[in-house]
Structure formats: structure tokens, C-alpha cells
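Each remark here refers to the structure printed beneath this line.
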Amino acid sequence: MNAVRENARRLAARVDASTPAHRDRAVDGLRALALLAVPLGHWMLGGFRLDADGLHNASPLATFGALAPASWVLQMLGIFFLVGGYASVLSYRRRASTTAAWLGGRLARLGRPVLGVSAVWAVLLAVLSALGVPGDTLRTGSTLVIQPLWFVGVYTVVTALTPVCVALARRLGGWAALPLLVSVAVVDFLRYGPFAEAMPSWLSVLNVLPGWLFAYQLGVSWGEGRIGKRGARLLLVGGGVLFAVLLLVFHYPASMVGVPGEARTNSHPPSLLVVALAAAQSGAAILLRDRLGRLLRKPLLWAPVVVVNLSAMTILCWHQTAMLAAAVPASLAGTGGMAVAGLTTAPDTVGWILARAAWLPVFAGLLVLIARYARRFEAPWRAGTRAANARRALAGLLAAGFAVFALGLA
């Protein structure tokens with residue numbers, strides 16, 4: 001045991017020594033925290049219901065509404081977009097050539113892992129179907145896999161808007177994000193207010209871009225040095241007050257994630273409650289930056305942050321696959337009458353919560369195993385030989401087929 005600890009210390013010391021002095025450890029720490037909240041949230045707040053037709057999505061929040069505050073902690077996409085905006089500013093300043101080339105490089109890094117997981121799942125669907133996995137299970141699995149990928153799509157769009165965000169930040173500072181909040185508020189008023197019945201169903205889609213661009217714009221303004229401690233306090237207090245008013249006065253759903261069977265959701269697309277939470281989280285993150293940076297000077301704390309950041313897209317794209325790697329075999333055993341607690345039993349008891357918590361190390365281990373092979377999708381593509389171009393074309397075709405199936409278009 002002592003030898004393991006000593007090896008861990010040596011490895012952490014090497015990672016620490018190889019970190020450039022200018023690296024902003026606090027920002028990397030915030031990104032790692034937000035990244036890890038994604039799989040933890042999906043693994044704990046999402047479950048399955050098994051019947052004769054296969055696996056179906058279910059949520060413990062449908063039974064345990066009192067657990068909704070857990071989603072306030074685990075929904076950290078606001079932090080992710082904040083840090084993304086901050087990092088994009090630093091990268092944008094250091095760009096070696098044109099803005100178009102800079103954008104192309106960043107978008108390629110986002111697109112490669114998405115293409116990889118989609119292509120692999122297209123093949124998996126065919127294999128699992130041939131092995132007799134029920135169609136409903138395949139539908140449920142593909143829905144869960146594509147669920148985090150919408151985030152990558154939105155993040156791609158806001159990244160493309162970085163030059164515009166930088167210009168606005170330089171002119172308006174932190175207030176550049178205010179019109180985005182107002183836009184979401186107007187759409188929410190129209191879809192939930194006195195005119196709701198007359199509004200078209202597609203109206204909520206208008207919140208997708210401003211709802212998530214809000215925190216990204218804050219991050220850009222932060223990176224430009226236009227949000228200080230005073231602005232951070234305003235975000236923390238203002239966001240917290242708005243959050244409380246929306247919950248207690250306007251009766252927004254308490255859960256920050258979708259709950260099967262509920263008519264309203266805060267997350268798809270984001271409601272004003274999501275923006276309020278992002279504002280409060282962003283203010284807290286900016287205020288805690290210096291303290292977090294000092295804490296991450298410790299090598300044993302810093303090394304895991306580096307590992308998580310290096311595997312960011314792999315974690316986002318493959319964590320649902322890790323859970324399904326355990327749940328799908330369990331569902332096949334369950335069709336014979338043997339339910340597996342925390343996997344194929346309905347998430348409607350305290351026992352399920354305890355059993356699911358016990359499964360978390362298994363999911364994490366499966367994700368680490370998958371990541372050993374999946375991280376290659378994050379690597380840059382080699383120069384286009386004929387064979388390489390053919391592989392990319394095939395991967396694109398498979399990914400398109402998976403998307404069609406997962407979105408219910410076929």
C-alpha cells in the first residue's frame with residue numbers, strides 16, 4: 001500500500017513539474033468539476049424500467065421530488081460554458097493565423113469524438129440487434145448516447161460566435177450577457193404566461209442559443225478582464241434571488257433535468273431558471289478562483305484535474321455507454337425474471353438509490369476501460385490518404401445513420 005502511495009506521489013510530482021507556469025489551474029479545476037458532474041448526474045438521476053419490451057428511461061425524481069436540489073448541484077453546464085468562454089478568449093488571443101483557421105481547429109477537436117462515438121454505436125446497434133437485444137432497449141440506449149451530444153452541438157455554435165462575444169465584451173463588459181437573459185425571460189413569459197395557449201410549440205427552441213450563450217459570454221467577459229469581484233458578487237446574489245423567485249413565486253419545476261411524465265422541463269431547452277443558476281454559479285466560480293488556484297498547487301490534487309481535462313470529450317461522449325455496458329446485459333438477464341437492483345429495477349425506492357450509488361464505481365471503471373480505446377478519436381486526423389479519406393467517409397455515413405435512428409427518424 002505504501003508503495004502505491006509513493007508511486008502516486010511521484011507521478012503527481014511529474015505532472016506538476018511538467019505544467020507550464022502560466023497555466024490557470026483554477027480554470028482547469030472548474031472545468032474538471034463541471035465535467036465530472038455530467039456523468040455523475042446522468043448516472044444518479046437517470047434510471048431504467050424493464051418490461052417485456054426491454055429497457056425504458058425512468059428517473060428517481062419522478063418519485064423523490066425532494067431530491068430535486070441535488071440537480072442544482074449536478075447541473076454544472078453553466079460553469080462549463082463559463083470556463084469555455086474564458087479559455088476561448090485566451091486561445092483566441094494566441095491564434096497563430098486567421099480567425100477562420102482558429103475556429104476550424106477548435107471545431108475539429110469537438111467534432112472528431114462525436115463522429116467516433118456515433119459511428120461505433122451505429123455498428124453496435126446492428127450487432128446488438130443480431131444478438132437479440134429488444135428494439136426498445138436499443139432505442140433507449142441510443143437516446144441516452146445522443147443526449148450529451150446535443151451539448152457538443154450547442155457548444156460548437158457558441159464557439160463559432162467567439163469573435164462576436166469578444167467584441168461585445170470589450171464594449172459592454174459583463175453587461176454583454178444581459179440581453180441574452182432578457183431574451184430567455186421574454187420567451188418564457190410567452191410560453192408560460194397568459195398568452196401560452198396561443199403560442200406555437202416551437203417557440204421554446206428560441207431559448208437554446210441565448211440560454212447557453214449567456215454563461216459563455218460571461219466567460220468571455222471574464223477572460224477579457226471585464227468582470228471582477230464586484231461583478232461576481234452581483235452575479236451570485238442576483239442569480240440566487242432570481243432563482244428563488246422563479247421557484248417560489250412563479251412555480252418553475254424544481255428539477256434542473258427532465259423528469260419523465262412532467263409537462264414542463266427546465267433543461268431542454270433551457271428556461272430562465274437555468275440561466276439564473278448559471279449566473280449564481282458563475283459568480284461563485286469567479287469569487288473562488290484564487291482560493292481554488294492555491295489549492296490546486298498541491299500535486300496530488302492537480303494531477304487528477306489534468307487527467308480529466310485531457311479526457312474531456314471522451315468523458316462527455318462515452319459515459320452513457322459505460323452505464324449501458326452494465327445495464328444492457330443486466331436487462332437480458334432480467335427478462336428471465338432476475339432483476340438487478342440499481343440497474344433494471346424501477347428507481348422508485350430508497351433501496352434503488354443506495355444500489356445505484358454502489359454501481360457508480362463500476363460505471364467509472366467501465367468508462368476508464370472504454371476511454372483507453374476511445375481517446376484515439378480525440379487525436380488529430382492524419383493527412384488525407386485515399387484510405388484515410390475512405391475511413392472518414394464511412395465513419396460519417398455510420399454516424400449519420402445512428403443519428404437518424406437515435407432521433408426517431410427511422
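Labeling convention for the C-alpha cells: chains A, B, ... as they appear, residues from 1 per chain, ligands from 1 in order of appearance.
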Tell me, as a PDB file with N, CA and C atoms, in the first residue's frame, which residues lie within 8 Å of A:Gln281, counting only C-alpha atoms; anything in the same chain fewer than 4 positions away does not count.
ATOM      1  N   MET A  76     -24.071  21.526 -13.840  1.00  0.00           N
ATOM      2  CA  MET A  76     -22.978  22.498 -13.837  1.00  0.00           C
ATOM      3  C   MET A  76     -22.571  22.909 -15.249  1.00  0.00           C
ATOM      4  N   GLY A  78     -23.545  25.463 -16.731  1.00  0.00           N
ATOM      5  CA  GLY A  78     -23.254  26.898 -16.706  1.00  0.00           C
ATOM      6  C   GLY A  78     -21.780  27.152 -16.446  1.00  0.00           C
ATOM      7  N   ILE A  79     -21.196  26.395 -15.497  1.00  0.00           N
ATOM      8  CA  ILE A  79     -19.768  26.510 -15.216  1.00  0.00           C
ATOM      9  C   ILE A  79     -18.948  26.089 -16.429  1.00  0.00           C
ATOM     10  N   LEU A 236     -23.694  36.360  -8.302  1.00  0.00           N
ATOM     11  CA  LEU A 236     -24.047  35.372  -7.278  1.00  0.00           C
ATOM     12  C   LEU A 236     -25.351  35.741  -6.579  1.00  0.00           C
ATOM     13  N   LEU A 277     -29.470  29.983 -12.427  1.00  0.00           N
ATOM     14  CA  LEU A 277     -28.492  29.105 -11.776  1.00  0.00           C
ATOM     15  C   LEU A 277     -27.100  29.327 -12.351  1.00  0.00           C
ATOM     16  N   ALA A 285     -17.959  30.894  -8.915  1.00  0.00           N
ATOM     17  CA  ALA A 285     -16.710  30.397  -9.503  1.00  0.00           C
ATOM     18  C   ALA A 285     -15.660  31.501  -9.595  1.00  0.00           C
TER      19      ALA A 285
END
Find the spatial neighbours of A:Leu332, counting only C-alpha atoms, within a cut-off of 10 Å - ignore same-chain residues fewer than 6 positions away - and output them as a PDB file with N, CA, C and O atoms, in the first residue's frame.
ATOM      1  N   LEU A  50     -37.705  -1.878 -16.631  1.00  0.00           N
ATOM      2  CA  LEU A  50     -37.625  -3.051 -17.506  1.00  0.00           C
ATOM      3  C   LEU A  50     -38.983  -3.734 -17.600  1.00  0.00           C
ATOM      4  O   LEU A  50     -39.621  -3.999 -16.589  1.00  0.00           O
ATOM      5  N   GLY A  54     -38.301  -4.485 -23.122  1.00  0.00           N
ATOM      6  CA  GLY A  54     -36.917  -4.044 -22.957  1.00  0.00           C
ATOM      7  C   GLY A  54     -36.778  -2.924 -21.946  1.00  0.00           C
ATOM      8  O   GLY A  54     -37.667  -2.697 -21.100  1.00  0.00           O
ATOM      9  N   LEU A  55     -35.677  -2.195 -22.024  1.00  0.00           N
ATOM     10  CA  LEU A  55     -35.381  -1.100 -21.110  1.00  0.00           C
ATOM     11  C   LEU A  55     -36.056   0.197 -21.549  1.00  0.00           C
ATOM     12  O   LEU A  55     -36.111   0.502 -22.748  1.00  0.00           O
ATOM     13  N   GLY A 132     -30.172 -10.303 -30.457  1.00  0.00           N
ATOM     14  CA  GLY A 132     -31.490 -10.442 -29.853  1.00  0.00           C
ATOM     15  C   GLY A 132     -31.854  -9.403 -28.816  1.00  0.00           C
ATOM     16  O   GLY A 132     -32.839  -9.575 -28.091  1.00  0.00           O
ATOM     17  N   VAL A 133     -31.102  -8.324 -28.731  1.00  0.00           N
ATOM     18  CA  VAL A 133     -31.462  -7.252 -27.804  1.00  0.00           C
ATOM     19  C   VAL A 133     -32.740  -6.585 -28.301  1.00  0.00           C
ATOM     20  O   VAL A 133     -32.833  -6.210 -29.471  1.00  0.00           O
ATOM     21  N   PRO A 134     -33.745  -6.401 -27.446  1.00  0.00           N
ATOM     22  CA  PRO A 134     -35.026  -5.834 -27.880  1.00  0.00           C
ATOM     23  C   PRO A 134     -34.886  -4.443 -28.484  1.00  0.00           C
ATOM     24  O   PRO A 134     -34.004  -3.657 -28.092  1.00  0.00           O
ATOM     25  N   THR A 137     -34.923  -1.494 -26.037  1.00  0.00           N
ATOM     26  CA  THR A 137     -33.640  -1.298 -25.355  1.00  0.00           C
ATOM     27  C   THR A 137     -32.675  -0.530 -26.247  1.00  0.00           C
ATOM     28  O   THR A 137     -31.957   0.374 -25.792  1.00  0.00           O
ATOM     29  N   MET A 338     -34.905 -12.263 -13.393  1.00  0.00           N
ATOM     30  CA  MET A 338     -33.925 -11.861 -12.384  1.00  0.00           C
ATOM     31  C   MET A 338     -33.620 -10.375 -12.530  1.00  0.00           C
ATOM     32  O   MET A 338     -32.867  -9.965 -13.415  1.00  0.00           O
ATOM     33  N   ALA A 339     -34.227  -9.547 -11.680  1.00  0.00           N
ATOM     34  CA  ALA A 339     -33.990  -8.111 -11.712  1.00  0.00           C
ATOM     35  C   ALA A 339     -32.681  -7.793 -10.988  1.00  0.00           C
ATOM     36  O   ALA A 339     -32.318  -8.464 -10.023  1.00  0.00           O
ATOM     37  N   THR A 344     -31.855  -2.558 -13.346  1.00  0.00           N
ATOM     38  CA  THR A 344     -33.087  -2.835 -14.089  1.00  0.00           C
ATOM     39  C   THR A 344     -34.335  -2.724 -13.218  1.00  0.00           C
ATOM     40  O   THR A 344     -35.445  -2.897 -13.717  1.00  0.00           O
TER      41      THR A 344
END
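Across A:Leu247, A:Ala26, A:Leu316, A:Leu203, the tightest approach to A:Trp302 is made by A:Ala26 when counting only C-alpha atoms.
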Applying 12 Å and only C-alpha atoms, which residues near A:Val350 remain after dropping the ones on its own chain fewer than 3 positions away? List them as a PDB file with C-alpha atoms, in the first residue's frame.
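Output below, filename selection25.pdb:
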ATOM      1  CA  PRO A  60     -35.858   8.708  -9.321  1.00  0.00           C
ATOM      2  CA  LEU A  61     -37.010  12.347  -9.374  1.00  0.00           C
ATOM      3  CA  THR A  63     -40.891   9.531  -7.115  1.00  0.00           C
ATOM      4  CA  PHE A  64     -38.488  11.500  -4.934  1.00  0.00           C
ATOM      5  CA  LEU A  67     -34.127  15.127  -4.444  1.00  0.00           C
ATOM      6  CA  ALA A 341     -31.090  -3.746  -8.135  1.00  0.00           C
ATOM      7  CA  GLY A 342     -29.964  -0.302  -9.207  1.00  0.00           C
ATOM      8  CA  THR A 345     -35.330  -2.212 -11.073  1.00  0.00           C
ATOM      9  CA  ALA A 346     -37.528   0.894 -11.201  1.00  0.00           C
ATOM     10  CA  PRO A 347     -35.965   3.928  -9.480  1.00  0.00           C
ATOM     11  CA  ILE A 353     -30.782   4.970  -4.656  1.00  0.00           C
ATOM     12  CA  LEU A 354     -28.412   3.017  -2.427  1.00  0.00           C
ATOM     13  CA  ALA A 355     -27.937   0.300  -5.050  1.00  0.00           C
ATOM     14  CA  ARG A 356     -27.277   2.847  -7.802  1.00  0.00           C
ATOM     15  CA  ALA A 357     -24.691   4.586  -5.621  1.00  0.00           C
TER      16      ALA A 357
END
- Message: Can you tell me which residues surround stretch 7-11 of chain A at a distance of at most 12 Å, considering only C-alpha atoms, apart from same-chain residues fewer than 3 positions away, and format the answer as a PyMOL selection string?
- Response: chain A and resi 1-4+14-18+298-304+306-307
Preceding selection exported with all heavy atoms as a compact mmCIF listing (two decimals), in the first residue's frame:
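Dumped to result_5.txt:
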# COMPACT_ATOMS: atom_id res chain seq x y z
N MET A 1 0.82 -1.20 0.00
CA MET A 1 0.00 0.00 0.00
C MET A 1 0.86 1.26 0.00
O MET A 1 0.59 2.23 -0.70
CB MET A 1 -0.91 -0.01 1.23
CG MET A 1 -2.05 0.98 1.17
SD MET A 1 -3.22 0.57 -0.13
CE MET A 1 -4.43 1.84 0.12
N ASN A 2 1.92 1.22 0.82
CA ASN A 2 2.83 2.36 0.86
C ASN A 2 3.51 2.58 -0.49
O ASN A 2 3.76 3.72 -0.90
CB ASN A 2 3.89 2.15 1.93
CG ASN A 2 3.30 2.23 3.33
OD1 ASN A 2 2.29 2.90 3.53
ND2 ASN A 2 3.92 1.56 4.29
N ALA A 3 3.82 1.47 -1.19
CA ALA A 3 4.46 1.58 -2.50
C ALA A 3 3.52 2.24 -3.50
O ALA A 3 3.95 3.06 -4.33
CB ALA A 3 4.86 0.19 -3.00
N VAL A 4 2.22 1.91 -3.43
CA VAL A 4 1.22 2.51 -4.32
C VAL A 4 1.14 4.01 -4.07
O VAL A 4 1.11 4.82 -5.01
CB VAL A 4 -0.15 1.84 -4.13
CG1 VAL A 4 -1.22 2.59 -4.92
CG2 VAL A 4 -0.10 0.38 -4.55
N ARG A 14 5.54 14.52 -11.15
CA ARG A 14 5.97 14.69 -12.55
C ARG A 14 4.96 15.52 -13.34
O ARG A 14 5.34 16.39 -14.14
CB ARG A 14 6.17 13.33 -13.21
CG ARG A 14 7.42 12.59 -12.74
CD ARG A 14 7.83 11.51 -13.73
NE ARG A 14 6.80 10.48 -13.87
CZ ARG A 14 6.75 9.39 -13.14
NH1 ARG A 14 7.67 9.18 -12.19
NH2 ARG A 14 5.81 8.49 -13.33
N VAL A 15 3.68 15.24 -13.11
CA VAL A 15 2.64 16.02 -13.78
C VAL A 15 2.73 17.48 -13.36
O VAL A 15 2.63 18.40 -14.20
CB VAL A 15 1.24 15.45 -13.45
CG1 VAL A 15 0.14 16.37 -13.98
CG2 VAL A 15 1.07 14.05 -14.03
N ASP A 16 2.91 17.71 -12.07
CA ASP A 16 3.01 19.08 -11.56
C ASP A 16 4.22 19.79 -12.16
O ASP A 16 4.13 20.96 -12.57
CB ASP A 16 3.11 19.04 -10.04
CG ASP A 16 3.16 20.42 -9.43
OD1 ASP A 16 2.14 21.12 -9.48
OD2 ASP A 16 4.24 20.80 -8.91
N ALA A 17 5.35 19.11 -12.23
CA ALA A 17 6.57 19.73 -12.75
C ALA A 17 6.47 20.05 -14.24
O ALA A 17 7.10 21.00 -14.72
CB ALA A 17 7.76 18.81 -12.50
N SER A 18 5.67 19.27 -14.97
CA SER A 18 5.55 19.49 -16.41
C SER A 18 4.48 20.53 -16.76
O SER A 18 4.31 20.86 -17.94
CB SER A 18 5.21 18.17 -17.12
OG SER A 18 3.95 17.68 -16.69
N LYS A 298 -1.19 21.86 -5.01
CA LYS A 298 -0.79 20.57 -4.43
C LYS A 298 -0.80 19.51 -5.53
O LYS A 298 -1.83 19.28 -6.17
CB LYS A 298 -1.76 20.19 -3.32
CG LYS A 298 -1.79 21.18 -2.16
CD LYS A 298 -2.79 20.76 -1.10
CE LYS A 298 -2.82 21.76 0.05
NZ LYS A 298 -3.80 21.37 1.10
N PRO A 299 0.33 18.86 -5.77
CA PRO A 299 0.43 17.92 -6.90
C PRO A 299 -0.62 16.81 -6.87
O PRO A 299 -1.15 16.44 -7.92
CB PRO A 299 1.85 17.35 -6.75
CG PRO A 299 2.61 18.43 -6.07
CD PRO A 299 1.64 19.05 -5.11
N LEU A 300 -0.94 16.27 -5.69
CA LEU A 300 -1.89 15.16 -5.63
C LEU A 300 -3.30 15.59 -5.99
O LEU A 300 -4.12 14.76 -6.40
CB LEU A 300 -1.88 14.53 -4.23
CG LEU A 300 -0.67 13.63 -3.93
CD1 LEU A 300 -0.70 13.17 -2.48
CD2 LEU A 300 -0.64 12.42 -4.86
N LEU A 301 -3.62 16.87 -5.86
CA LEU A 301 -4.91 17.38 -6.28
C LEU A 301 -4.89 17.81 -7.74
O LEU A 301 -5.90 17.70 -8.45
CB LEU A 301 -5.34 18.56 -5.40
CG LEU A 301 -5.61 18.24 -3.92
CD1 LEU A 301 -5.97 19.52 -3.17
CD2 LEU A 301 -6.74 17.22 -3.80
N TRP A 302 -3.75 18.30 -8.18
CA TRP A 302 -3.63 18.81 -9.55
C TRP A 302 -3.60 17.70 -10.59
O TRP A 302 -4.21 17.82 -11.65
CB TRP A 302 -2.38 19.68 -9.66
CG TRP A 302 -2.05 20.12 -11.06
CD1 TRP A 302 -0.92 19.84 -11.76
CD2 TRP A 302 -2.86 20.91 -11.92
NE1 TRP A 302 -0.96 20.40 -13.01
CE2 TRP A 302 -2.15 21.07 -13.14
CE3 TRP A 302 -4.11 21.51 -11.80
CZ2 TRP A 302 -2.66 21.81 -14.20
CZ3 TRP A 302 -4.63 22.24 -12.86
CH2 TRP A 302 -3.91 22.38 -14.05
N ALA A 303 -2.93 16.59 -10.31
CA ALA A 303 -2.79 15.51 -11.30
C ALA A 303 -4.13 14.98 -11.78
O ALA A 303 -4.32 14.80 -13.00
CB ALA A 303 -1.92 14.38 -10.71
N PRO A 304 -5.12 14.69 -10.92
CA PRO A 304 -6.42 14.22 -11.42
C PRO A 304 -7.11 15.26 -12.31
O PRO A 304 -7.80 14.89 -13.26
CB PRO A 304 -7.23 13.96 -10.14
CG PRO A 304 -6.22 13.77 -9.07
CD PRO A 304 -5.07 14.65 -9.44
N VAL A 306 -5.65 17.31 -14.35
CA VAL A 306 -5.02 17.20 -15.67
C VAL A 306 -5.58 16.01 -16.45
O VAL A 306 -5.91 16.12 -17.63
CB VAL A 306 -3.48 17.07 -15.51
CG1 VAL A 306 -2.84 16.78 -16.86
CG2 VAL A 306 -2.91 18.33 -14.91
N VAL A 307 -5.71 14.88 -15.78
CA VAL A 307 -6.22 13.67 -16.44
C VAL A 307 -7.63 13.89 -16.94
O VAL A 307 -7.97 13.54 -18.08
CB VAL A 307 -6.17 12.47 -15.47
CG1 VAL A 307 -6.87 11.26 -16.09
CG2 VAL A 307 -4.73 12.12 -15.13
Give me, as a Markdown table, the closest atom pair and its distance (Å, one decimal) for every residue of stretch 31-59 of chain A within a cut-off of 9 Å of stretch 360-381 of chain A, counting only C-alpha atoms, rows sorted by chain and rising number.
| residue | atom | partner | partner_atom | distance |
| --- | --- | --- | --- | --- |
| A:Pro39 | CA | A:Ala364 | CA | 8.9 |
| A:Leu40 | CA | A:Leu360 | CA | 8.0 |
| A:Trp43 | CA | A:Leu360 | CA | 7.3 |
| A:Met44 | CA | A:Leu360 | CA | 8.2 |
Output the selection as a PDB file, in the first residue's frame - N, CA, C and O atoms for each residue.
ATOM      1  N   PRO A  39     -21.372  12.982 -15.902  1.00  0.00           N
ATOM      2  CA  PRO A  39     -21.672  11.562 -15.712  1.00  0.00           C
ATOM      3  C   PRO A  39     -22.312  11.262 -14.367  1.00  0.00           C
ATOM      4  O   PRO A  39     -23.225  10.427 -14.282  1.00  0.00           O
ATOM      5  N   LEU A  40     -21.873  11.938 -13.310  1.00  0.00           N
ATOM      6  CA  LEU A  40     -22.466  11.683 -12.000  1.00  0.00           C
ATOM      7  C   LEU A  40     -23.951  12.013 -12.004  1.00  0.00           C
ATOM      8  O   LEU A  40     -24.778  11.259 -11.463  1.00  0.00           O
ATOM      9  N   TRP A  43     -25.789   9.365 -14.147  1.00  0.00           N
ATOM     10  CA  TRP A  43     -25.786   8.044 -13.519  1.00  0.00           C
ATOM     11  C   TRP A  43     -26.705   7.980 -12.297  1.00  0.00           C
ATOM     12  O   TRP A  43     -27.313   6.947 -12.030  1.00  0.00           O
ATOM     13  N   MET A  44     -26.810   9.095 -11.552  1.00  0.00           N
ATOM     14  CA  MET A  44     -27.624   9.079 -10.332  1.00  0.00           C
ATOM     15  C   MET A  44     -29.064   9.544 -10.559  1.00  0.00           C
ATOM     16  O   MET A  44     -29.969   9.110  -9.849  1.00  0.00           O
TER      17      MET A  44
END
- Task: Find the residues around A:Thr140 up to 9 Å (only C-alpha atoms counted), leave out those fewer than 3 positions away in its own chain, and share them as a PyMOL selection string.
- Result: chain A and resi 54-57+135-137+143-145+406
- Task: From a DSSP pass on the backbone, collect the residues of stretch 39-194 of chain A flagged as strand (DSSP E) and hand them back as a list in words.
- Result: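 So, restricting stretch 39-194 of chain A to strand (DSSP E), we get Gly47, Phe48, Arg49, Leu50, Asp51, Gly54, Leu55, His56, Asn57 and Ala58 of chain A.
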- Query: Got a sec: who's within 10 Å of A:His42, counting only C-alpha atoms, leaving out chain neighbours fewer than 2 positions off, as a ChimeraX atom specification?
  - Reply: /A:37-40,44-47,59,71,74-75,144,147-148,257,319-320,323
Since we have the selection now, will you write its residues out, keeping C-alpha atoms, as an mmCIF file, in the first residue's frame?
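Listing of part-v5.cif after writing:
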data_model
loop_
_atom_site.group_PDB
_atom_site.id
_atom_site.type_symbol
_atom_site.label_atom_id
_atom_site.label_comp_id
_atom_site.auth_asym_id
_atom_site.auth_seq_id
_atom_site.Cartn_x
_atom_site.Cartn_y
_atom_site.Cartn_z
ATOM 1 C CA ALA A 37 -20.785 16.424 -12.698
ATOM 2 C CA VAL A 38 -22.140 15.338 -16.103
ATOM 3 C CA PRO A 39 -21.672 11.562 -15.712
ATOM 4 C CA LEU A 40 -22.466 11.683 -12.000
ATOM 5 C CA MET A 44 -27.624 9.079 -10.332
ATOM 6 C CA LEU A 45 -30.628 10.966 -11.725
ATOM 7 C CA GLY A 46 -31.374 8.597 -14.586
ATOM 8 C CA GLY A 47 -32.556 5.026 -14.261
ATOM 9 C CA SER A 59 -35.919 8.842 -13.116
ATOM 10 C CA SER A 71 -29.854 18.542 -9.627
ATOM 11 C CA LEU A 74 -25.066 18.355 -10.508
ATOM 12 C CA GLN A 75 -26.280 20.683 -13.287
ATOM 13 C CA LEU A 144 -29.035 8.157 -23.838
ATOM 14 C CA GLN A 147 -28.330 13.006 -25.099
ATOM 15 C CA PRO A 148 -24.921 14.550 -24.228
ATOM 16 C CA VAL A 257 -33.071 17.914 -15.500
ATOM 17 C CA HIS A 319 -20.118 8.000 -20.068
ATOM 18 C CA GLN A 320 -23.617 6.862 -21.047
ATOM 19 C CA MET A 323 -23.618 2.755 -17.869
#
- Mind the document's chain letters and residue numbers, and return as a VMD selection string the residues of stretch 65-144 of chain A that DSSP labels alpha helix (DSSP H). chain A and resid 68 to 74 77 to 93 99 to 130 135 to 144
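By only C-alpha atoms, and with residues fewer than 5 positions from A:Val158 along its chain excluded, the set lying at most 12 Å from it is A:Phe81, A:Leu82, A:Gly84, A:Gly85, A:Ser88, A:Leu103, A:Arg106, A:Leu107, A:Phe151, A:Val152, A:Gly153, A:Pro163, A:Val164, A:Cys165, A:Val166, A:Val208, A:Leu209, A:Pro210, A:Gly211, A:Trp212, A:Leu213, A:Phe214, A:Ala215, A:Tyr216, A:Gln217, A:Gly219, A:Val220.
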- So, counting only C-alpha atoms, which residue among A:Ala358, A:Ala390, A:Leu324, A:Ala108 is closest to A:Gly141? A:Leu324
